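**Student:** Sending over run.cif (mmCIF, C-alpha atoms and all ligand atoms).
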```
data_entry
#
loop_
_atom_site.label_atom_id
_atom_site.label_comp_id
_atom_site.auth_asym_id
_atom_site.auth_seq_id
_atom_site.Cartn_x
_atom_site.Cartn_y
_atom_site.Cartn_z
CA MET O 1 -37.66 -168.59 75.82
CA LEU O 2 -40.80 -168.98 73.73
CA VAL O 3 -43.63 -168.05 76.09
CA ASN O 4 -46.50 -167.27 73.76
CA MET O 5 -47.62 -167.17 70.12
CA HIS O 6 -46.09 -163.73 69.61
CA ASP O 7 -42.68 -165.14 70.55
CA PHE O 8 -43.13 -167.99 68.06
CA GLU O 9 -44.03 -165.48 65.36
CA ALA O 10 -40.92 -163.40 66.09
CA VAL O 11 -38.65 -166.44 65.75
CA ALA O 12 -40.45 -167.53 62.57
CA ALA O 13 -40.12 -164.05 61.09
CA ALA O 14 -36.36 -164.15 61.60
CA LYS O 15 -36.06 -167.57 59.95
CA LEU O 16 -38.42 -167.27 56.98
CA SER O 17 -37.72 -165.47 53.72
CA GLN O 18 -39.58 -162.16 53.52
CA PRO O 19 -42.00 -163.38 50.79
CA ALA O 20 -42.81 -166.54 52.77
CA TYR O 21 -43.37 -164.62 56.03
CA ASP O 22 -45.54 -162.09 54.19
CA TYR O 23 -47.56 -164.87 52.52
CA TYR O 24 -48.24 -166.52 55.87
CA ARG O 25 -49.07 -163.40 57.86
CA GLY O 26 -50.88 -161.31 55.25
CA GLY O 27 -54.56 -160.57 54.83
CA ALA O 28 -56.72 -159.25 52.02
CA ARG O 29 -56.47 -155.63 50.86
CA ASP O 30 -56.50 -153.23 53.88
CA GLU O 31 -56.36 -156.17 56.30
CA ILE O 32 -59.38 -154.85 58.17
CA SER O 33 -60.82 -158.32 58.76
CA LEU O 34 -57.42 -159.68 59.71
CA ARG O 35 -57.21 -157.11 62.51
CA ARG O 36 -60.90 -157.43 63.34
CA ASN O 37 -60.57 -161.16 64.05
CA ARG O 38 -57.99 -160.41 66.76
CA GLN O 39 -59.72 -157.31 68.07
CA ALA O 40 -62.94 -159.21 68.76
CA PHE O 41 -61.36 -161.25 71.54
CA SER O 42 -60.78 -158.09 73.57
CA GLU O 43 -64.44 -157.16 73.23
CA TYR O 44 -65.70 -159.84 75.62
CA ALA O 45 -65.27 -160.11 79.38
CA LEU O 46 -65.29 -163.38 81.29
CA HIS O 47 -67.48 -163.38 84.39
CA TYR O 48 -65.50 -165.96 86.35
CA LYS O 49 -66.91 -168.09 89.13
CA VAL O 50 -65.17 -168.38 92.49
CA LEU O 51 -65.06 -171.10 95.13
CA ALA O 52 -66.03 -173.50 92.39
CA GLY O 53 -64.01 -176.36 93.82
CA VAL O 54 -62.27 -177.06 90.54
CA GLU O 55 -59.43 -179.49 90.94
CA GLN O 56 -58.97 -181.42 87.71
CA ILE O 57 -59.38 -179.78 84.33
CA ASP O 58 -60.55 -182.00 81.49
CA LEU O 59 -59.94 -180.38 78.09
CA SER O 60 -60.86 -183.44 76.06
CA THR O 61 -63.73 -183.41 73.60
CA SER O 62 -64.55 -184.92 70.22
CA VAL O 63 -65.13 -183.77 66.66
CA LEU O 64 -67.40 -185.83 64.39
CA GLY O 65 -67.10 -188.61 66.97
CA MET O 66 -63.28 -188.56 66.99
CA PRO O 67 -61.73 -187.93 70.40
CA VAL O 68 -59.30 -184.99 70.68
CA SER O 69 -57.25 -183.96 73.70
CA MET O 70 -58.29 -180.32 73.54
CA PRO O 71 -60.68 -178.06 71.63
CA ILE O 72 -57.87 -176.60 69.49
CA LEU O 73 -57.27 -178.14 66.06
CA ALA O 74 -54.98 -177.32 63.13
CA ALA O 75 -56.58 -175.23 60.38
CA PRO O 76 -55.71 -176.14 56.79
CA THR O 77 -52.99 -173.85 55.45
CA ALA O 78 -51.10 -174.11 52.18
CA PHE O 79 -47.39 -174.61 51.53
CA HIS O 80 -45.81 -175.77 54.79
CA GLY O 81 -42.67 -176.58 52.80
CA MET O 82 -41.64 -172.92 52.96
CA ALA O 83 -41.45 -173.19 56.77
CA ASP O 84 -39.68 -176.53 57.19
CA ALA O 85 -38.30 -179.28 54.95
CA GLY O 86 -40.62 -181.77 56.69
CA ALA O 87 -43.59 -179.71 55.42
CA GLU O 88 -47.10 -181.03 56.20
CA VAL O 89 -45.73 -184.39 57.36
CA ALA O 90 -43.88 -182.63 60.20
CA SER O 91 -46.95 -180.52 61.04
CA ALA O 92 -49.32 -183.47 61.09
CA ARG O 93 -46.94 -185.50 63.25
CA GLY O 94 -46.62 -182.61 65.71
CA VAL O 95 -50.34 -181.89 65.94
CA THR O 96 -51.43 -185.50 66.29
CA ALA O 97 -48.67 -186.23 68.84
CA GLU O 98 -50.46 -183.66 71.00
CA GLY O 99 -53.70 -185.56 70.61
CA SER O 100 -55.28 -183.04 68.26
CA CYS O 101 -56.48 -183.34 64.74
CA PHE O 102 -54.77 -182.07 61.55
CA ILE O 103 -56.61 -180.65 58.54
CA LEU O 104 -54.51 -180.97 55.39
CA SER O 105 -54.89 -178.35 52.65
CA THR O 106 -55.43 -179.36 49.02
CA LEU O 107 -52.48 -177.05 48.35
CA SER O 108 -49.94 -178.95 50.44
CA ASN O 109 -46.31 -179.66 49.67
CA SER O 110 -46.52 -183.18 51.14
CA PRO O 111 -48.83 -185.74 49.49
CA MET O 112 -51.92 -186.70 51.46
CA GLU O 113 -51.02 -190.41 51.57
CA GLU O 114 -47.74 -189.71 53.34
CA VAL O 115 -49.30 -187.21 55.74
CA VAL O 116 -52.03 -189.62 56.87
CA GLN O 117 -49.55 -192.46 57.16
CA GLN O 118 -47.09 -190.49 59.28
CA ALA O 119 -49.69 -188.95 61.60
CA SER O 120 -50.55 -190.66 64.87
CA GLY O 121 -54.12 -189.32 64.95
CA PRO O 122 -56.94 -188.14 62.72
CA VAL O 123 -56.22 -186.22 59.51
CA LEU O 124 -59.03 -184.44 57.63
CA PHE O 125 -58.67 -183.34 54.01
CA GLN O 126 -59.57 -179.77 52.98
CA LEU O 127 -60.95 -179.68 49.47
CA TYR O 128 -60.77 -176.99 46.81
CA VAL O 129 -63.04 -177.75 43.87
CA TYR O 130 -61.24 -177.78 40.51
CA LYS O 131 -63.06 -176.76 37.34
CA ASP O 132 -62.00 -180.18 36.12
CA ARG O 133 -64.41 -182.38 38.10
CA GLY O 134 -62.37 -185.46 37.22
CA ILE O 135 -59.51 -184.05 39.29
CA THR O 136 -61.85 -183.11 42.14
CA ARG O 137 -63.42 -186.57 42.17
CA GLU O 138 -60.01 -188.15 42.23
CA LEU O 139 -58.92 -185.99 45.19
CA VAL O 140 -62.07 -187.04 47.07
CA GLN O 141 -61.50 -190.73 46.34
CA ARG O 142 -57.81 -190.55 47.16
CA ALA O 143 -58.50 -188.81 50.47
CA ARG O 144 -60.82 -191.61 51.52
CA ALA O 145 -58.45 -194.34 50.33
CA ALA O 146 -55.56 -192.65 52.14
CA GLY O 147 -57.49 -192.73 55.41
CA ALA O 148 -58.59 -189.10 55.80
CA ARG O 149 -61.48 -188.99 58.28
CA ALA O 150 -63.57 -186.16 56.78
CA LEU O 151 -63.68 -183.69 53.90
CA VAL O 152 -63.59 -179.98 54.67
CA LEU O 153 -65.03 -178.03 51.76
CA THR O 154 -63.76 -174.45 51.67
CA VAL O 155 -66.46 -172.14 50.34
CA ASP O 156 -65.10 -168.63 50.92
CA ALA O 157 -62.57 -168.60 48.09
CA PRO O 158 -64.33 -168.54 44.68
CA VAL O 159 -61.41 -166.33 43.73
CA LEU O 160 -58.34 -165.55 45.73
CA ALA O 161 -58.51 -162.04 47.16
CA VAL O 162 -55.45 -159.94 46.50
CA ARG O 163 -53.05 -159.90 49.40
CA GLU O 164 -51.09 -156.82 48.58
CA LYS O 165 -47.90 -157.93 50.30
CA ASP O 166 -47.85 -160.94 47.94
CA ALA O 167 -48.53 -158.74 44.94
CA ARG O 168 -45.54 -156.55 45.80
CA ASN O 169 -43.34 -159.59 46.38
CA HIS O 170 -44.55 -161.33 43.18
CA PHE O 171 -45.14 -164.27 45.51
CA THR O 172 -44.77 -167.71 44.02
CA LEU O 173 -43.61 -171.09 45.33
CA PRO O 174 -39.85 -171.37 45.80
CA PRO O 175 -38.05 -173.82 43.47
CA GLY O 176 -38.28 -177.43 44.57
CA LEU O 177 -41.76 -177.15 46.09
CA SER O 178 -44.87 -178.32 44.28
CA LEU O 179 -48.56 -179.03 44.90
CA ALA O 180 -47.95 -182.61 45.95
CA ASN O 181 -51.60 -183.71 45.79
CA LEU O 182 -51.79 -182.73 42.14
CA THR O 183 -48.74 -184.60 40.86
CA GLY O 184 -49.38 -185.96 37.38
CA THR O 185 -52.43 -183.77 36.68
CA GLY O 186 -50.54 -180.93 34.99
CA LYS O 187 -51.66 -178.69 37.84
CA GLU O 188 -48.85 -179.37 40.27
CA THR O 189 -46.97 -176.10 39.78
CA LEU O 190 -47.92 -172.44 39.87
CA GLU O 191 -46.45 -172.25 36.34
CA GLY O 192 -44.15 -169.39 37.20
CA SER O 193 -46.97 -167.04 38.19
CA GLY O 194 -48.68 -166.36 41.49
CA LEU O 195 -51.21 -168.32 43.49
CA GLY O 196 -54.03 -165.94 42.52
CA ALA O 197 -53.50 -166.73 38.83
CA TYR O 198 -53.41 -170.46 39.59
CA VAL O 199 -56.69 -170.31 41.49
CA GLN O 200 -58.31 -168.30 38.69
CA ARG O 201 -57.12 -170.79 36.06
CA HIS O 202 -57.99 -174.01 37.82
CA LEU O 203 -60.52 -173.60 40.65
CA ASP O 204 -64.25 -173.26 40.11
CA PRO O 205 -65.49 -169.72 40.93
CA SER O 206 -69.14 -170.67 40.40
CA LEU O 207 -69.35 -173.08 43.35
CA SER O 208 -72.92 -173.37 44.66
CA PHE O 209 -75.04 -175.41 47.05
CA LYS O 210 -75.52 -177.84 44.14
CA ASP O 211 -71.80 -178.61 44.37
CA LEU O 212 -72.15 -179.29 48.08
CA GLU O 213 -74.96 -181.72 47.21
CA TRP O 214 -72.68 -183.30 44.62
CA LEU O 215 -69.89 -183.71 47.17
CA VAL O 216 -72.16 -185.20 49.83
CA GLU O 217 -73.34 -187.73 47.21
CA GLN O 218 -69.77 -188.55 46.13
CA THR O 219 -68.54 -189.71 49.50
CA ASP O 220 -69.47 -191.51 52.66
CA LEU O 221 -66.99 -189.39 54.63
CA PRO O 222 -68.47 -186.64 56.81
CA VAL O 223 -68.48 -183.29 55.01
CA VAL O 224 -67.60 -180.07 56.83
CA VAL O 225 -68.26 -176.66 55.24
CA LYS O 226 -65.59 -174.04 55.99
CA GLY O 227 -65.83 -170.30 55.51
CA ILE O 228 -69.27 -169.40 56.82
CA VAL O 229 -70.28 -166.18 58.63
CA ARG O 230 -74.08 -166.19 58.02
CA SER O 231 -76.58 -168.37 59.82
CA ASP O 232 -78.72 -168.88 56.67
CA ASP O 233 -75.69 -170.33 54.87
CA ALA O 234 -74.99 -172.56 57.86
CA VAL O 235 -78.59 -173.82 57.96
CA GLN O 236 -78.62 -174.50 54.22
CA SER O 237 -75.31 -176.38 54.42
CA ALA O 238 -76.62 -178.52 57.26
CA LYS O 239 -79.82 -179.24 55.36
CA ILE O 240 -77.77 -180.60 52.47
CA GLY O 241 -75.78 -182.82 54.80
CA ALA O 242 -72.85 -180.91 56.31
CA ARG O 243 -72.04 -182.45 59.67
CA ALA O 244 -70.13 -179.40 60.86
CA VAL O 245 -69.58 -175.83 59.75
CA VAL O 246 -66.45 -173.77 60.30
CA VAL O 247 -67.23 -170.15 61.12
CA SER O 248 -64.32 -168.58 59.28
CA ASN O 249 -63.34 -165.69 57.03
CA HIS O 250 -60.15 -167.48 55.92
CA GLY O 251 -58.08 -165.67 58.52
CA GLY O 252 -58.96 -162.28 57.01
CA ARG O 253 -57.50 -163.33 53.67
CA GLN O 254 -60.61 -163.25 51.50
CA LEU O 255 -63.39 -160.59 51.66
CA ASP O 256 -61.99 -157.61 53.50
CA HIS O 257 -64.69 -156.03 55.71
CA SER O 258 -66.06 -159.45 56.55
CA PRO O 259 -67.03 -159.64 60.23
CA ALA O 260 -64.85 -160.87 63.04
CA THR O 261 -65.62 -164.55 63.22
CA LEU O 262 -65.96 -164.53 67.02
CA HIS O 263 -68.95 -162.21 66.62
CA CYS O 264 -70.70 -164.76 64.35
CA VAL O 265 -70.38 -167.87 66.49
CA GLN O 266 -73.35 -167.50 68.83
CA ARG O 267 -75.84 -166.60 66.09
CA ILE O 268 -74.80 -169.59 64.00
CA ARG O 269 -74.83 -171.97 66.97
CA GLN O 270 -78.38 -170.87 67.80
CA ALA O 271 -79.59 -171.32 64.23
CA LEU O 272 -78.45 -174.93 63.89
CA ASP O 273 -79.71 -178.21 65.19
CA PRO O 274 -77.50 -179.29 68.14
CA SER O 275 -76.37 -182.35 66.15
CA VAL O 276 -74.47 -180.09 63.73
CA GLU O 277 -71.09 -179.05 65.10
CA VAL O 278 -69.87 -175.46 65.00
CA TRP O 279 -66.13 -174.96 64.67
CA MET O 280 -64.52 -171.54 64.48
CA ASP O 281 -61.24 -169.99 63.39
CA GLY O 282 -59.64 -166.58 62.95
CA GLY O 283 -57.23 -164.84 65.29
CA VAL O 284 -57.03 -167.47 68.02
CA ARG O 285 -53.67 -166.81 69.68
CA ARG O 286 -54.39 -167.57 73.34
CA GLY O 287 -55.96 -170.33 75.34
CA ALA O 288 -58.46 -167.79 76.61
CA ASP O 289 -59.43 -167.00 73.00
CA ALA O 290 -60.45 -170.63 72.56
CA LEU O 291 -62.33 -170.41 75.85
CA LEU O 292 -64.34 -167.37 74.70
CA ALA O 293 -65.24 -169.06 71.41
CA CYS O 294 -66.36 -172.18 73.26
CA CYS O 295 -68.48 -170.12 75.68
CA LEU O 296 -70.21 -168.55 72.68
CA GLY O 297 -70.99 -171.95 71.17
CA ALA O 298 -67.97 -173.27 69.28
CA ARG O 299 -67.23 -176.94 69.86
CA VAL O 300 -63.60 -176.39 68.86
CA VAL O 301 -61.41 -173.70 67.34
CA LEU O 302 -58.74 -174.04 64.67
CA VAL O 303 -55.41 -172.23 64.53
CA GLY O 304 -53.80 -171.37 61.20
CA ARG O 305 -50.79 -169.08 61.51
CA PRO O 306 -49.64 -170.18 65.01
CA LEU O 307 -48.94 -173.67 63.68
CA LEU O 308 -46.86 -172.18 60.85
CA TRP O 309 -44.85 -170.11 63.35
CA GLY O 310 -44.11 -173.24 65.38
CA LEU O 311 -43.16 -175.18 62.27
CA ALA O 312 -40.82 -172.43 61.06
CA ALA O 313 -39.30 -172.04 64.54
CA ALA O 314 -38.47 -175.70 65.21
CA GLY O 315 -40.17 -178.12 62.81
CA GLU O 316 -42.28 -180.91 64.30
CA ALA O 317 -41.06 -180.08 67.84
CA GLY O 318 -42.05 -176.44 67.33
CA VAL O 319 -45.56 -177.46 66.31
CA ARG O 320 -45.82 -179.58 69.45
CA GLN O 321 -44.63 -176.65 71.56
CA VAL O 322 -47.28 -174.37 70.04
CA PHE O 323 -50.04 -176.81 70.94
CA GLN O 324 -48.58 -177.41 74.41
CA THR O 325 -48.43 -173.67 75.05
CA LEU O 326 -52.03 -173.14 73.97
CA ARG O 327 -53.12 -176.10 76.08
CA ALA O 328 -51.38 -174.70 79.17
CA GLU O 329 -53.00 -171.30 78.64
CA LEU O 330 -56.42 -172.86 78.21
CA ASN O 331 -55.94 -174.98 81.30
CA GLU O 332 -55.07 -171.91 83.36
CA ALA O 333 -58.02 -169.95 81.98
CA MET O 334 -60.46 -172.79 82.77
CA LEU O 335 -59.21 -173.01 86.33
CA LEU O 336 -59.50 -169.25 86.86
CA LEU O 337 -62.94 -169.23 85.24
CA GLY O 338 -64.09 -171.88 87.67
CA CYS O 339 -64.94 -174.60 85.14
CA SER O 340 -63.50 -178.08 84.99
CA ARG O 341 -65.05 -179.35 81.76
CA LEU O 342 -65.82 -177.85 78.37
CA ASP O 343 -69.51 -178.69 78.62
CA GLU O 344 -69.76 -176.23 81.54
CA LEU O 345 -68.93 -173.33 79.20
CA SER O 346 -71.90 -171.22 78.18
CA PRO O 347 -72.75 -167.71 76.97
CA ASP O 348 -73.74 -166.56 80.45
CA LEU O 349 -70.05 -166.59 81.42
CA VAL O 350 -69.27 -163.87 78.86
CA GLU O 351 -70.38 -160.32 78.30
CA ARG O 352 -69.76 -158.17 75.24
CA VAL O 353 -68.00 -155.04 76.52
C1 LIG W 401 -50.82 -169.00 54.99
C2 LIG W 401 -52.25 -169.44 55.00
C3 LIG W 401 -52.69 -170.35 54.04
C4 LIG W 401 -54.00 -170.80 54.06
N1 LIG W 401 -54.39 -171.77 53.17
C5 LIG W 401 -55.64 -172.28 53.24
C6 LIG W 401 -56.02 -173.36 52.41
O1 LIG W 401 -55.23 -173.87 51.61
N2 LIG W 401 -57.29 -173.81 52.52
C7 LIG W 401 -58.19 -173.28 53.41
O2 LIG W 401 -59.33 -173.73 53.48
N3 LIG W 401 -57.84 -172.26 54.23
C8 LIG W 401 -56.59 -171.76 54.17
N4 LIG W 401 -56.23 -170.76 55.04
C9 LIG W 401 -57.19 -170.29 56.06
C10 LIG W 401 -57.06 -171.11 57.35
O3 LIG W 401 -57.60 -172.39 57.19
C11 LIG W 401 -57.79 -170.46 58.53
O4 LIG W 401 -59.11 -170.17 58.16
C12 LIG W 401 -57.12 -169.20 59.06
O5 LIG W 401 -55.72 -169.28 58.96
C13 LIG W 401 -57.51 -168.97 60.51
O6 LIG W 401 -57.01 -167.79 60.98
P1 LIG W 401 -55.66 -167.65 61.87
O7 LIG W 401 -54.51 -167.82 60.90
O8 LIG W 401 -55.78 -166.27 62.39
O9 LIG W 401 -55.68 -168.72 62.93
C14 LIG W 401 -54.92 -170.29 55.02
C15 LIG W 401 -54.48 -169.35 55.96
C16 LIG W 401 -53.16 -168.94 55.97
C17 LIG W 401 -52.71 -167.96 57.02
#
```
Could you quickly redo this structure as structure tokens?
**Tutor:**
Amino acid sequence: MLVNMHDFEAVAAAKLSQPAYDYYRGGARDEISLRRNRQAFSEYALHYKVLAGVEQIDLSTSVLGMPVSMPILAAPTAFHGMADAGAEVASARGVTAEGSCFILSTLSNSPMEEVVQQASGPVLFQLYVYKDRGITRELVQRARAAGARALVLTVDAPVLAVREKDARNHFTLPPGLSLANLTGTGKETLEGSGLGAYVQRHLDPSLSFKDLEWLVEQTDLPVVVKGIVRSDDAVQSAKIGARAVVVSNHGGRQLDHSPATLHCVQRIRQALDPSVEVWMDGGVRRGADALLACCLGARVVLVGRPLLWGLAAAGEAGVRQVFQTLRAELNEAMLLLGCSRLDELSPDLVERV
């Protein structure tokens, strides 16, 4: 019986090839930030309310005006085809069937048009900026034409940090899988080498706030900036037109020694105008983790690896089960905390211990 995210990971580990499992689970260098993300959730206590008369829990909220059934969304992660033949189509179907919202990576094995078409709810497109701006512009235009509801610009990966498990495994995409959004550009394969070499060859390491300005001008879709841990970067992004920021260190996969993202949420929430949404990811494995992040000021959290474990365990149904499990945990935690709605969550319910 799959009771929690750890169980899903164990099943996924048994099913995946070693290089694929290592690629999904790994972090940068000594994996300090990977561990730190998780650790942070045990550093807060919840001061629950009693006799609060809570009967019905309402977990619904919205992101960028789009209703979602719970404050847990799917983070963009690359290469779902290694976990299940249905790849991102299966993931997006599973996530949206649960009333949540799916963020599709630029580096997906399913093409964005098919993913949006097969999903029953909102799909957002995560953008990596190619040195070749023609390709980037085309991705932006295609995402809008396909029906993606927002662009999520990832800003914490000017280069890909070395994940040493991948280096040892000489990680590359298995035969038969390609970068489906890049078909016809000459950039649809890793060309026999690793992902790090691909990123170095094709993505722009010199990304700056000027590029964010450029993107905001290119599109009428809402732009979300993902990969922020500093409030000055959040404020600057919002000034340029970001409608939301994702407090994220890429799941501990980029700068090792970056802070636990949970520790950054409150500061960033306080620095921004209330109209700018704060989303958060990194290490969310329990409903109560989402609850803590929301108390500290996150509107929603994203989960990266848990979705991949569900997908590897049982395809689209496994993804649904992961979201159902997290929802049940969150429901229980809300009831025990003495809150019936997400807008009742606030920092005075938590204490750093
Ligand atoms: C296997 C894997 C691939 C990822 N690929 C991308 C990506 O293509 N684009 C991106 O913006 N973030 C990517 N991320 C980062 C996630 O969006 C997210 O920030 C992170 O997974 C959250 O941490 P968690 O896995 O602990 O939930 C990836 C993360 C993982 C684990």
**Student:** Taking a cut-off of 6 Å and counting only C-alpha atoms and all ligand atoms, can you build a table that, for each residue of chain O near ligand LIG 401 (chain W), reports the nearest atom pair and how far apart they are in Å (one decimal), sorted by chain then residue number, as CSV?
**Tutor:**
```
residue,atom,partner,partner_atom,distance
O:Tyr23,CA,W:LIG401,C1,5.8
O:Tyr24,CA,W:LIG401,C1,3.7
O:Arg25,CA,W:LIG401,C17,5.9
O:Ala75,CA,W:LIG401,O3,4.4
O:Pro76,CA,W:LIG401,O3,4.2
O:Thr77,CA,W:LIG401,N1,3.4
O:Ala78,CA,W:LIG401,N1,4.2
O:Ser105,CA,W:LIG401,O1,4.6
O:Leu107,CA,W:LIG401,O1,5.3
O:Thr154,CA,W:LIG401,O2,4.8
O:Ser248,CA,W:LIG401,O4,5.6
O:His250,CA,W:LIG401,O4,3.7
O:Gly251,CA,W:LIG401,O6,3.4
O:Asp281,CA,W:LIG401,C13,4.8
O:Gly282,CA,W:LIG401,O6,3.5
O:Gly283,CA,W:LIG401,O8,3.5
O:Val284,CA,W:LIG401,O9,5.4
O:Val303,CA,W:LIG401,O9,3.9
O:Gly304,CA,W:LIG401,O5,3.6
O:Arg305,CA,W:LIG401,O7,4.0
```
**Student:** At most 6 Å from (-60.7, -178.4, 65.7), file frame, only C-alpha atoms: which residues, as a list in words?
**Tutor:** Pro71, Ile72, Leu73, Val300, Val301 and Leu302 of chain O
**Student:** Closest to Ala92 in chain O among O:Gly315, O:Pro175, O:Pro347, O:Gly26, using all atoms listed in the file?
**Tutor:**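 Checking each candidate against Ala92 in chain O, we get O:Gly315 as the closest.
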**Student:** I want to know what sits within 10 Å of Asp289 in chain O, based on only C-alpha atoms, with residues of the same chain fewer than 2 positions away left out; could you give that as a list in words?
**Tutor:**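 Once the nearby chain positions are removed, what remains is Arg38, Ala40, Phe41, Ser42, Tyr44, Leu262, Gly283, Val284, Arg285, Arg286, Gly287, Leu291, Leu292, Ala293, Cys294, Cys295, Val301, Leu326, Glu329, Leu330 and Ala333 of chain O.
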**Student:** Quick one: residues within 9 Å of Ile268 in chain O, all atoms listed in the file counted, chain neighbours fewer than 3 positions away excluded, as a list of chain:residue names?
**Tutor:** O:Val229, O:Arg230, O:Ser231, O:Asp232, O:Ala234, O:Val235, O:Val247, O:Cys264, O:Val265, O:Ala271, O:Leu272, O:Val278, O:Gly297
**Student:** What is the distance between CA of Leu16 in chain O and CA of Ala260 in chain O, in Å to one decimal?
**Tutor:**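 Separating CA of Leu16 in chain O from CA of Ala260 in chain O is a distance of 27.9 Å.
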**Student:** Would you kindly identify which residues have an atom no farther than 8 Å from (-61.2, -184.6, 76.7), using all atoms listed in the file and the file's own coordinates, and write them out as a ChimeraX atom specification?
**Tutor:** /O:58-62,67-70
**Student:** Could you check how far CA of Glu31 in chain O sits from CA of Ala161 in chain O, in Å to one decimal?
**Tutor:**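 A separation of 11.1 Å between them.
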**Student:** Determine the nearest neighbour of Gly134 in chain O from the options O:Val225, O:Cys339, O:Leu153, O:Leu182, counting all atoms listed in the file.
**Tutor:** O:Leu182
**Student:** Name all residues at most 12 Å from range 142-145 of chain O (count all atoms listed in the file; drop same-chain ones fewer than 3 positions away) and give them as number ranges by chain.
**Tutor:** O: 103-106, 111-117, 123-127, 135-139, 148-152, 181-182, 218-223
**Student:** CA of Phe209 in chain O and CA of His263 in chain O are how many Å apart?
**Tutor:**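 Rounded to one decimal, the two atoms are 24.4 Å apart.
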**Student:** If we count only C-alpha atoms, what is near Lys49 in chain O at a cut-off of 12 Å, once residues fewer than 5 positions away on the same chain are taken out, given as a count of residues only?
**Tutor:** 14
**Student:** Looking at O:Arg299, O:His257, O:Arg327, O:His47, which one is nearest to Ser33 in chain O, with distances taken over all atoms listed in the file?
**Tutor:**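 Closest candidate: O:His257.
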**Student:** Return as lines of an AutoDock Vina configuration file the box centre and box size in Å, one decimal, for an axis-aligned box around all listed atoms of range 244-261 of chain O padded by 4 Å per side.
**Tutor:**
```
center_x = -63.8
center_y = -167.7
center_z = 57.4
size_x = 20.6
size_y = 31.4
size_z = 19.7
```
**Student:** Taking only C-alpha atoms into account, which of O:Val246, O:Val319, O:Leu190, O:Met5 comes nearest Val224 in chain O?
**Tutor:**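 When distances to Val224 in chain O are compared using only C-alpha atoms, the smallest one comes from O:Val246.
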**Student:** With distances taken over only C-alpha atoms, which residue among O:Ile240, O:Ala314, O:Val159, O:Ala328 lies nearest Ala85 in chain O?
**Tutor:**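 Using only C-alpha atoms, Ala85 in chain O sits closest to O:Ala314.
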**Student:** With distances taken over all atoms listed in the file, which of O:Trp309, O:Phe171, O:Tyr128, O:Phe323 is nearest to Val199 in chain O?
**Tutor:** O:Tyr128
**Student:** Hey, could you make a per-residue contact list for range 132-229 of chain O against range 253-256 of chain O with 10 Å as the cut-off, showing the nearest pair of atoms and its distance in Å to one decimal, counting all atoms listed in the file, sorted by chain and number, as JSON lines?
**Tutor:**
```
{"residue": "O:Asp156", "atom": "CA", "partner": "O:Gln254", "partner_atom": "CA", "distance": 7.0}
{"residue": "O:Ala157", "atom": "CA", "partner": "O:Gln254", "partner_atom": "CA", "distance": 6.6}
{"residue": "O:Pro158", "atom": "CA", "partner": "O:Gln254", "partner_atom": "CA", "distance": 9.4}
{"residue": "O:Val159", "atom": "CA", "partner": "O:Gln254", "partner_atom": "CA", "distance": 8.4}
{"residue": "O:Leu160", "atom": "CA", "partner": "O:Gln254", "partner_atom": "CA", "distance": 6.6}
{"residue": "O:Ala161", "atom": "CA", "partner": "O:Gln254", "partner_atom": "CA", "distance": 5.0}
{"residue": "O:Val162", "atom": "CA", "partner": "O:Gln254", "partner_atom": "CA", "distance": 7.9}
{"residue": "O:Arg163", "atom": "CA", "partner": "O:Arg253", "partner_atom": "CA", "distance": 7.1}
{"residue": "O:Gly227", "atom": "CA", "partner": "O:Gln254", "partner_atom": "CA", "distance": 9.6}
```
**Student:** Contacts of Val322 in chain O at 7 Å or less, counting only C-alpha atoms, minus same-chain residues fewer than 4 places along, as an mmCIF file with C-alpha atoms, in the frame of the given file?
**Tutor:**
```
data_model
loop_
_atom_site.group_PDB
_atom_site.id
_atom_site.type_symbol
_atom_site.label_atom_id
_atom_site.label_comp_id
_atom_site.auth_asym_id
_atom_site.auth_seq_id
_atom_site.Cartn_x
_atom_site.Cartn_y
_atom_site.Cartn_z
ATOM 1 C CA PRO O 306 -49.640 -170.180 65.010
ATOM 2 C CA LEU O 307 -48.940 -173.670 63.680
ATOM 3 C CA GLY O 310 -44.110 -173.240 65.380
ATOM 4 C CA GLY O 318 -42.050 -176.440 67.330
ATOM 5 C CA LEU O 326 -52.030 -173.140 73.970
#
```
